file coords_0.txt (compact mmCIF, C-alpha atoms)
# COMPACT_ATOMS: atom_id res chain seq x y z
CA MET Y 1 16.72 120.76 152.93
CA SER Y 2 18.91 118.50 150.90
CA MET Y 3 21.56 120.92 149.71
CA LYS Y 4 23.78 120.19 146.72
CA THR Y 5 27.43 120.99 146.25
CA HIS Y 6 26.80 121.67 142.56
CA THR Y 7 24.07 123.70 140.93
CA SER Y 8 22.84 121.34 138.24
CA ALA Y 9 23.55 117.86 137.08
CA GLY Y 10 25.95 117.83 134.16
CA PRO Y 11 26.01 115.42 131.24
CA PRO Y 12 27.99 112.16 131.40
CA LYS Y 13 31.69 112.75 130.81
CA ASP Y 14 31.64 110.71 127.61
CA LYS Y 15 28.69 112.62 126.19
CA LYS Y 16 29.20 115.90 124.35
CA LEU Y 17 27.32 118.87 125.76
CA ALA Y 18 24.36 119.72 123.52
CA PRO Y 19 24.57 123.37 122.44
CA PRO Y 20 21.39 125.34 123.15
CA ARG Y 21 19.30 125.87 120.03
CA PRO Y 22 18.25 129.48 119.28
CA SER Y 23 14.56 130.17 119.83
CA ALA Y 24 12.32 133.13 120.56
CA SER Y 25 9.01 133.72 122.30
CA VAL Y 26 6.53 136.58 122.73
CA VAL Y 27 4.65 137.62 125.85
CA LEU Y 28 1.74 139.17 123.97
CA LEU Y 29 -0.61 141.68 125.66
CA SER Y 30 -4.16 142.22 124.42
CA PRO Y 31 -5.71 145.71 124.26
CA GLU Y 32 -6.99 144.98 127.80
CA ASN Y 33 -3.49 143.96 128.98
CA GLN Y 34 -4.33 140.27 129.19
CA VAL Y 35 -1.64 137.73 128.28
CA LEU Y 36 -1.88 135.19 125.45
CA LEU Y 37 -1.08 131.56 126.25
CA LEU Y 38 -1.26 128.61 123.89
CA HIS Y 39 -2.20 125.12 125.05
CA ARG Y 40 0.25 122.49 123.84
CA VAL Y 41 -0.90 118.92 123.23
CA GLN Y 42 0.21 116.08 125.47
CA THR Y 43 2.46 114.67 122.72
CA SER Y 44 4.15 118.01 121.99
CA SER Y 45 7.92 117.85 121.43
CA ALA Y 46 8.43 120.67 123.96
CA PHE Y 47 6.48 121.56 127.12
CA PRO Y 48 3.88 118.75 126.68
CA SER Y 49 0.36 119.57 127.95
CA ALA Y 50 1.57 123.00 129.08
CA HIS Y 51 0.26 126.50 128.53
CA VAL Y 52 3.03 128.53 126.92
CA PHE Y 53 3.76 131.83 125.25
CA PRO Y 54 3.78 131.67 121.44
CA GLY Y 55 7.23 131.02 120.01
CA GLY Y 56 9.63 128.40 118.74
CA ASN Y 57 12.94 127.64 117.09
CA LEU Y 58 14.64 130.07 114.76
CA SER Y 59 14.87 129.16 111.08
CA ASP Y 60 17.84 130.07 108.89
CA PHE Y 61 15.47 130.01 105.90
CA HIS Y 62 13.02 132.52 107.35
CA ASP Y 63 14.86 134.50 110.00
CA GLY Y 64 18.56 134.56 109.08
CA THR Y 65 21.50 133.12 110.98
CA VAL Y 66 22.85 133.79 114.45
CA PRO Y 67 26.47 133.33 115.62
CA GLY Y 68 27.71 129.78 116.22
CA PRO Y 69 27.53 127.78 119.46
CA ASP Y 70 30.92 128.99 120.73
CA ASP Y 71 30.16 132.69 120.22
CA PRO Y 72 28.66 134.57 123.22
CA LYS Y 73 26.81 136.82 120.76
CA ARG Y 74 24.60 133.80 119.98
CA HIS Y 75 22.85 134.67 123.23
CA GLU Y 76 22.12 138.33 122.43
CA ASP Y 77 19.00 140.00 121.07
CA SER Y 78 19.26 140.44 117.28
CA LEU Y 79 17.10 140.70 114.16
CA PRO Y 80 16.88 136.91 113.55
CA TYR Y 81 15.48 136.42 117.06
CA ARG Y 82 12.92 139.19 116.50
CA LEU Y 83 11.83 137.84 113.12
CA GLY Y 84 11.61 134.33 114.55
CA ALA Y 85 9.44 135.54 117.43
CA ILE Y 86 7.00 137.29 115.09
CA ARG Y 87 6.94 134.44 112.56
CA GLU Y 88 6.33 131.76 115.20
CA THR Y 89 3.56 133.84 116.80
CA PHE Y 90 1.89 134.11 113.40
CA GLU Y 91 2.28 130.40 112.62
CA GLU Y 92 0.99 129.26 116.01
CA SER Y 93 -1.79 131.75 116.77
CA GLY Y 94 -2.58 133.54 113.51
CA ILE Y 95 -1.85 136.90 115.16
CA LEU Y 96 0.35 138.94 112.84
CA LEU Y 97 2.66 141.53 114.43
CA ALA Y 98 3.27 143.61 111.31
CA ARG Y 99 2.77 147.10 109.95
CA GLU Y 100 1.62 148.51 106.63
CA GLY Y 101 4.48 149.79 104.49
CA SER Y 102 6.93 150.69 107.26
CA ILE Y 103 7.41 150.47 111.01
CA ASP Y 104 5.47 153.73 111.32
CA GLY Y 105 2.45 152.35 109.45
CA LYS Y 106 -0.77 151.14 111.01
CA PRO Y 107 -1.18 147.46 111.98
CA LEU Y 108 -1.39 145.23 108.92
CA SER Y 109 -4.79 143.59 108.44
CA ILE Y 110 -5.07 140.39 106.39
CA PRO Y 111 -8.30 138.47 105.61
CA SER Y 112 -8.62 135.21 107.55
CA SER Y 113 -8.57 132.98 104.46
CA GLU Y 114 -5.42 134.61 103.11
CA ARG Y 115 -3.86 134.56 106.57
CA ASP Y 116 -4.38 130.81 107.04
CA LYS Y 117 -3.09 130.05 103.56
CA ALA Y 118 0.08 132.05 104.29
CA ARG Y 119 0.59 130.31 107.65
CA ARG Y 120 0.58 126.92 105.92
CA ALA Y 121 2.96 128.06 103.19
CA ILE Y 122 5.38 129.61 105.68
CA TYR Y 123 5.26 126.55 107.95
CA LYS Y 124 6.09 124.31 104.97
CA ASN Y 125 8.95 126.65 103.88
CA GLU Y 126 7.23 127.28 100.56
CA ILE Y 127 7.85 131.01 100.89
CA ARG Y 128 10.05 133.08 103.17
CA PHE Y 129 8.15 134.91 105.87
CA VAL Y 130 9.67 138.32 105.09
CA GLU Y 131 9.05 137.87 101.35
CA TRP Y 132 5.41 137.04 101.99
CA LEU Y 133 5.08 140.14 104.17
CA GLN Y 134 6.56 142.27 101.40
CA SER Y 135 4.12 140.76 98.89
CA VAL Y 136 1.15 141.97 100.96
CA GLY Y 137 2.68 145.39 101.63
CA GLY Y 138 3.81 144.76 105.19
CA VAL Y 139 6.89 144.69 107.40
CA ALA Y 140 7.49 142.77 110.61
CA ASP Y 141 6.99 145.02 113.62
CA THR Y 142 10.37 144.19 115.13
CA GLU Y 143 10.83 147.66 116.64
CA ASN Y 144 7.99 147.22 119.12
CA LEU Y 145 9.30 143.97 120.60
CA LEU Y 146 10.69 144.69 124.07
CA PRO Y 147 13.39 142.23 125.25
CA PHE Y 148 12.22 140.62 128.49
CA THR Y 149 14.86 138.14 129.73
CA ARG Y 150 16.61 135.26 127.99
CA TRP Y 151 16.38 131.67 129.25
CA ILE Y 152 19.04 129.02 128.64
CA THR Y 153 18.12 125.40 129.35
CA PRO Y 154 20.22 123.83 132.14
CA LEU Y 155 22.86 121.20 131.40
CA ASN Y 156 20.87 118.24 132.68
CA GLN Y 157 18.32 118.39 129.85
CA PRO Y 158 18.71 116.41 126.59
CA ARG Y 159 17.24 119.24 124.49
CA ARG Y 160 18.56 122.70 125.25
CA PHE Y 161 17.47 126.13 124.03
CA THR Y 162 18.63 129.72 124.28
CA THR Y 163 15.31 131.53 124.20
CA GLN Y 164 14.98 135.27 123.79
CA MET Y 165 11.75 136.44 125.38
CA TYR Y 166 10.00 139.59 124.17
CA LEU Y 167 7.09 141.65 125.40
CA TYR Y 168 4.71 143.02 122.77
CA MET Y 169 1.74 145.27 123.45
CA LEU Y 170 -1.11 145.21 120.95
CA PRO Y 171 -2.70 148.64 120.28
CA LEU Y 172 -4.98 149.82 123.08
CA SER Y 173 -7.87 150.62 120.78
CA THR Y 174 -10.33 147.77 120.25
CA SER Y 175 -8.85 145.37 117.74
CA ASN Y 176 -10.86 143.95 114.84
CA ASP Y 177 -8.19 141.32 114.18
CA PRO Y 178 -10.11 138.01 113.92
CA ALA Y 179 -7.24 136.04 115.46
CA VAL Y 180 -7.15 138.40 118.46
CA ALA Y 181 -10.93 138.20 118.79
CA ALA Y 182 -10.83 134.40 118.71
CA ALA Y 183 -8.22 134.28 121.46
CA ARG Y 184 -10.38 136.41 123.75
CA SER Y 185 -12.43 133.25 124.25
CA GLU Y 186 -10.44 130.02 124.30
CA ALA Y 187 -10.57 129.27 120.59
CA MET Y 188 -9.62 126.00 118.96
CA ILE Y 189 -7.26 127.47 116.43
CA PRO Y 190 -6.50 125.89 113.05
CA THR Y 191 -2.72 125.50 112.91
CA PRO Y 192 -0.52 124.82 109.87
CA ASP Y 193 0.80 121.61 111.48
CA GLY Y 194 -2.72 120.21 111.83
CA GLY Y 195 -2.78 120.55 115.60
CA VAL Y 196 0.36 118.49 116.18
CA GLU Y 197 1.71 120.99 118.75
CA ILE Y 198 -0.99 123.58 119.62
CA THR Y 199 -4.70 123.08 120.28
CA ALA Y 200 -6.02 126.37 121.63
CA ALA Y 201 -5.18 130.01 122.35
CA ARG Y 202 -6.59 132.37 124.96
CA PHE Y 203 -6.01 135.79 126.51
CA ASP Y 204 -6.46 136.07 130.27
CA ASP Y 205 -5.18 138.15 133.18
CA ALA Y 206 -1.68 137.26 134.37
CA SER Y 207 -3.03 136.63 137.87
CA ALA Y 208 -5.78 134.38 136.49
CA TRP Y 209 -3.23 132.18 134.69
CA LEU Y 210 -1.19 131.89 137.88
CA GLU Y 211 -4.27 130.96 139.91
CA LYS Y 212 -5.24 128.25 137.42
CA GLN Y 213 -1.74 126.80 137.70
CA ARG Y 214 -1.87 126.97 141.50
CA LYS Y 215 -5.15 125.02 141.51
CA GLY Y 216 -3.72 122.39 139.16
CA GLU Y 217 -6.13 123.27 136.34
CA ILE Y 218 -3.32 123.93 133.86
CA VAL Y 219 0.38 123.14 133.50
CA MET Y 220 2.95 125.92 133.30
CA PHE Y 221 6.71 125.65 133.50
CA PRO Y 222 8.99 127.95 135.56
CA PRO Y 223 9.76 130.54 132.83
CA GLN Y 224 6.08 131.19 132.15
CA CYS Y 225 5.19 131.35 135.85
CA PHE Y 226 8.10 133.63 136.64
CA LEU Y 227 7.35 136.17 133.89
CA LEU Y 228 3.62 136.13 134.65
CA HIS Y 229 4.47 136.71 138.31
CA LEU Y 230 6.41 139.85 137.34
CA LEU Y 231 3.64 141.08 135.03
CA SER Y 232 0.90 140.50 137.60
CA GLN Y 233 2.34 143.32 139.71
CA PHE Y 234 1.34 145.84 137.02
CA LEU Y 235 -1.38 144.27 134.85
CA VAL Y 236 -4.11 144.06 137.46
CA GLY Y 237 -7.19 144.12 135.23
CA PRO Y 238 -9.81 146.83 134.64
CA PRO Y 239 -10.73 149.40 137.29
CA PRO Y 240 -13.83 148.79 139.45
CA GLY Y 241 -17.15 150.19 138.37
CA SER Y 242 -18.49 151.24 135.01
CA ARG Y 243 -16.04 153.28 132.94
CA SER Y 244 -16.12 154.89 129.51
CA SER Y 245 -13.99 153.47 126.72
CA THR Y 246 -11.69 156.49 126.98
CA GLU Y 247 -11.22 155.95 130.72
CA LEU Y 248 -10.49 152.28 130.18
CA ILE Y 249 -7.87 153.02 127.53
CA GLU Y 250 -6.16 155.50 129.86
CA HIS Y 251 -6.25 152.95 132.68
CA PHE Y 252 -4.56 150.28 130.57
CA ARG Y 253 -2.09 152.82 129.16
CA SER Y 254 -1.07 153.75 132.70
CA GLN Y 255 -0.44 150.07 133.50
CA ARG Y 256 1.79 149.78 130.45
CA GLU Y 257 3.77 152.89 131.33
CA LYS Y 258 4.49 151.50 134.80
CA LEU Y 259 5.52 148.17 133.28
CA ARG Y 260 7.87 149.87 130.83
CA GLY Y 261 9.44 151.76 133.70
CA PHE Y 262 9.93 148.52 135.62
CA LEU Y 263 11.66 146.87 132.65
CA ALA Y 264 14.19 149.70 132.40
CA THR Y 265 14.84 150.32 136.10
CA VAL Y 266 17.90 149.19 138.06
CA PRO Y 267 18.46 147.92 140.61
CA THR Y 268 15.96 145.16 139.82
CA ALA Y 269 15.90 144.02 143.45
CA SER Y 270 14.39 145.55 146.58
CA LYS Y 271 15.84 143.60 149.53
CA PRO Y 272 19.13 145.10 150.87
CA LYS Y 273 21.20 141.93 150.34
CA ALA Y 274 19.75 141.36 146.88
CA VAL Y 275 20.40 144.95 145.83
CA LYS Y 276 24.12 144.41 146.49
CA HIS Y 277 24.24 141.37 144.20
CA PRO Y 278 25.67 142.13 140.71
CA THR Y 279 22.57 140.80 138.95
CA ALA Y 280 20.52 143.64 140.46
CA GLN Y 281 22.31 146.02 138.08
CA ILE Y 282 21.26 144.07 134.98
CA PRO Y 283 17.94 145.39 133.56
CA TRP Y 284 15.22 142.90 132.70
CA ALA Y 285 15.85 143.39 128.99
CA GLU Y 286 19.36 141.98 129.39
CA LYS Y 287 18.93 139.32 132.09
CA VAL Y 288 19.94 135.76 131.18
CA ILE Y 289 18.53 132.97 133.33
CA SER Y 290 19.62 129.34 133.43
CA PRO Y 291 17.84 127.76 136.42
CA THR Y 292 20.00 125.81 138.88
CA ILE Y 293 18.96 123.63 141.79
CA LEU Y 294 19.75 125.04 145.23
CA GLY Y 295 18.19 122.12 147.07
CA ILE Y 296 15.02 120.21 147.88
CA ARG Y 297 12.50 121.57 150.39
CA ARG Y 298 11.97 119.52 153.53
CA SER Y 299 8.27 120.40 153.77
CA ASP Y 300 6.97 119.44 150.33
CA LYS Y 301 9.97 118.04 148.41
CA ARG Y 302 9.77 120.74 145.77
CA SER Y 303 13.00 121.75 144.04
CA ILE Y 304 14.33 125.23 144.80
CA LEU Y 305 15.51 126.78 141.54
CA ALA Y 306 17.94 129.69 141.66
CA LEU Y 307 17.66 132.16 138.80
CA ASP Y 308 20.89 134.16 139.03
CA LYS Y 309 23.24 132.08 136.81
CA PRO Y 310 23.42 132.61 133.00
CA GLY Y 311 24.47 129.06 132.11
CA PRO Y 312 27.87 127.53 131.18
CA GLU Y 313 28.00 129.21 127.77
CA LEU Y 314 28.11 132.63 129.45
CA LYS Y 315 30.18 131.79 132.52
CA GLU Y 316 32.47 134.70 133.51
CA SER Y 317 30.70 136.94 130.97
CA GLY Y 318 29.29 139.34 133.56
CA ARG Y 319 25.75 138.43 132.52
CA GLY Y 320 23.19 136.93 134.86
CA GLY Y 321 19.58 136.73 135.94
CA ASP Y 322 17.75 137.40 139.20
CA TRP Y 323 19.28 136.60 142.61
CA GLU Y 324 16.39 137.94 144.70
CA ARG Y 325 13.78 135.36 143.66
CA VAL Y 326 13.61 131.58 143.37
CA VAL Y 327 11.10 129.21 141.81
CA LEU Y 328 9.69 126.26 143.72
CA VAL Y 329 8.61 123.36 141.50
CA ASN Y 330 7.85 119.68 141.53
CA PHE Y 331 8.94 117.92 138.34
CA ALA Y 332 7.07 114.66 137.78
CA LYS Y 333 7.49 112.68 134.55
CA GLY Y 334 8.67 115.75 132.67
CA VAL Y 335 5.76 117.93 133.80
CA ALA Y 336 6.07 120.90 136.15
CA LYS Y 337 3.62 121.04 139.05
CA ASP Y 338 3.04 123.34 142.02
CA VAL Y 339 5.19 126.12 140.57
CA GLU Y 340 5.59 129.13 142.84
CA VAL Y 341 7.79 132.24 142.77
CA ARG Y 342 9.14 133.27 146.18
CA GLY Y 343 11.85 135.43 147.72
CA ARG Y 344 15.19 133.62 147.94
CA GLU Y 345 16.10 134.78 151.45
CA GLU Y 346 12.65 133.94 152.79
CA VAL Y 347 12.69 130.40 151.36
CA LEU Y 348 16.21 129.63 152.57
CA ALA Y 349 15.41 131.01 156.03
CA GLU Y 350 12.45 128.64 156.22
CA GLU Y 351 14.70 125.72 155.34
CA ARG Y 352 17.26 126.68 157.98
CA ARG Y 353 14.53 126.81 160.63
CA LEU Y 354 13.27 123.35 159.64
CA GLU Y 355 16.80 121.98 159.60
CA ASN Y 356 17.53 123.37 163.07
CA ALA Y 357 14.24 122.02 164.37
CA ALA Y 358 15.08 118.58 163.00
CA LYS Y 359 18.48 118.67 164.73
CA GLU Y 360 16.90 119.65 168.05
CA THR Y 361 14.40 116.80 167.75
CA LYS Y 362 17.24 114.30 167.42
CA LEU Y 363 18.92 115.57 170.60

call {"tool": "encode", "arguments": {"input": "coords_0.txt", "output": "structure tokens"}}
result
Amino acid sequence: MSMKTHTSAGPPKDKKLAPPRPSASVVLLSPENQVLLLHRVQTSSAFPSAHVFPGGNLSDFHDGTVPGPDDPKRHEDSLPYRLGAIRETFEESGILLAREGSIDGKPLSIPSSERDKARRAIYKNEIRFVEWLQSVGGVADTENLLPFTRWITPLNQPRRFTTQMYLYMLPLSTSNDPAVAAARSEAMIPTPDGGVEITAARFDDASAWLEKQRKGEIVMFPPQCFLLHLLSQFLVGPPPGSRSSTELIEHFRSQREKLRGFLATVPTASKPKAVKHPTAQIPWAEKVISPTILGIRRSDKRSILALDKPGPELKESGRGGDWERVVLVNFAKGVAKDVEVRGREEVLAEERRLENAAKETKL
């Protein structure tokens, strides 16, 4: 393994470090606990050709402001991030995470024609998202967004983001939301940007998305693969055999309860060495991950990405990500391929064995 003495390539000394731009994204679960991914076009400005969670950049106009680039609080969950996550999900997929009247109200239902008209107006900044919601008697369902890691783009990228990820669980009862129904089969969704960024939306099992990526059928980047890997431990699909609707709802509710418990539990690691690492005491809601390169694998030349560092903006802050796991990935022309989540100790042990074998061969 070609090991590096530094964790990521920094910018040229004469070039100012680009501050990460605030953004938010939603890992959205269907009533059957499937995960929504959107397919970005090849010419997309971010994650080209990839399948991604709905989300995007925050907007001062719609969402409010966050602290400046030099303030650590810029990288903390707050109302602007939550509003941005819900607004971007609505703009990109048509799925509206809102309630009637108050946060205790039932899910807000809007006719498709009115929904699409609002998406265009909001995208063009013709009306503020929150004001439009108020005009139709709704409020953004910010209370039911569960923080689920934050990702900060490494230094060696020209465009950097500080992305707050959220988990949102749609009601377990069968939804009559037309946008949700459309995404249950890979629908070509009309988007307010005319399809400049997104072409389609679909719900599928977390394990099914990972298998499609493994086979090379779709492109997913490390953050999506990593979070789907975590979810796949709990969201394992329907039970075998024929079940009543009540039994199915209870089955999916049980999955969600176990997932909620996982998100709140510390330590977040299981291996003895990993449990002793400080990041194991940071719950998933508060983890901050800025991937760094540990080295290149001898066997397949994939990069080994460590996930424990929070990025330069939060150095010495006490925050961090996940030491126990790493992501293996091959980056080719800006596209991630062969992404795989593995145990850190296992991967590094493999590399040491190959390195020792190579030394013995030379003797």

call {"tool": "closest_residue", "arguments": {"input": "coords_0.txt", "among": "Y:Ala269, Y:Val341, Y:Ala274, Y:Met169", "to": "His229 (chain Y)", "atoms": "all atoms listed in the file"}}
result
Y:Val341

call {"tool": "closest_residue", "arguments": {"input": "coords_0.txt", "among": "Y:Val52, Y:Ala285, Y:Ala208, Y:Ile152", "to": "Leu307 (chain Y)", "atoms": "all atoms listed in the file"}}
result
Y:Ile152

call {"tool": "residues_around", "arguments": {"input": "coords_0.txt", "residues": "region 245-258 of chain Y", "least_positions_apart": "3", "cutoff": "8 Å", "atoms": "only C-alpha atoms", "output": "VMD selection string"}}
result
chain Y and resid 31 to 33 172 to 173 234 to 235 238 to 239 261 to 262

call {"tool": "closest_residue", "arguments": {"input": "coords_0.txt", "among": "Y:Ile282, Y:Leu36, Y:Ala206, Y:Ala358", "to": "Leu170 (chain Y)", "atoms": "only C-alpha atoms"}}
result
Y:Leu36

call {"tool": "atom_distance", "arguments": {"input": "coords_0.txt", "atom1": "CA of Phe226 (chain Y)", "atom2": "CA of Glu91 (chain Y)"}}
result
24.9 Å

call {"tool": "closest_residue", "arguments": {"input": "coords_0.txt", "among": "Y:His62, Y:Ala200, Y:Val236, Y:Ala18", "to": "Ala121 (chain Y)", "atoms": "all atoms listed in the file"}}
result
Y:His62

call {"tool": "closest_residue", "arguments": {"input": "coords_0.txt", "among": "Y:Val26, Y:Val66, Y:Val329, Y:Leu79", "to": "Val219 (chain Y)", "atoms": "only C-alpha atoms"}}
result
Y:Val329

call {"tool": "closest_residue", "arguments": {"input": "coords_0.txt", "among": "Y:Val130, Y:Asp177, Y:Leu328, Y:Pro19", "to": "Pro72 (chain Y)", "atoms": "only C-alpha atoms"}}
result
Y:Pro19

call {"tool": "residues_around", "arguments": {"input": "coords_0.txt", "residues": "Lys73 (chain Y)", "least_positions_apart": "6", "cutoff": "12 Å", "atoms": "all atoms listed in the file", "output": "PyMOL selection string"}}
result
chain Y and resi 22+65-67+81+162+313-314+317+319

call {"tool": "atom_distance", "arguments": {"input": "coords_0.txt", "atom1": "CA of Arg342 (chain Y)", "atom2": "CA of Thr163 (chain Y)"}}
result
22.9 Å

call {"tool": "atom_distance", "arguments": {"input": "coords_0.txt", "atom1": "CA of Ile122 (chain Y)", "atom2": "CA of Ser78 (chain Y)"}}
result
21.1 Å

call {"tool": "residues_around", "arguments": {"input": "coords_0.txt", "residues": "Gly137 (chain Y)", "least_positions_apart": "4", "cutoff": "9 Å", "atoms": "all atoms listed in the file", "output": "list in words"}}
result
Arg99, Glu100, Gly101, Ser102, Leu108, Trp132 and Leu133 of chain Y

call {"tool": "residues_around", "arguments": {"input": "coords_0.txt", "residues": "region 321-326 of chain Y", "least_positions_apart": "2", "cutoff": "10 Å", "atoms": "only C-alpha atoms", "output": "ChimeraX atom specification"}}
result
/Y:149-151,222,226,268-284,286-294,303-311,319,328-329,340-348
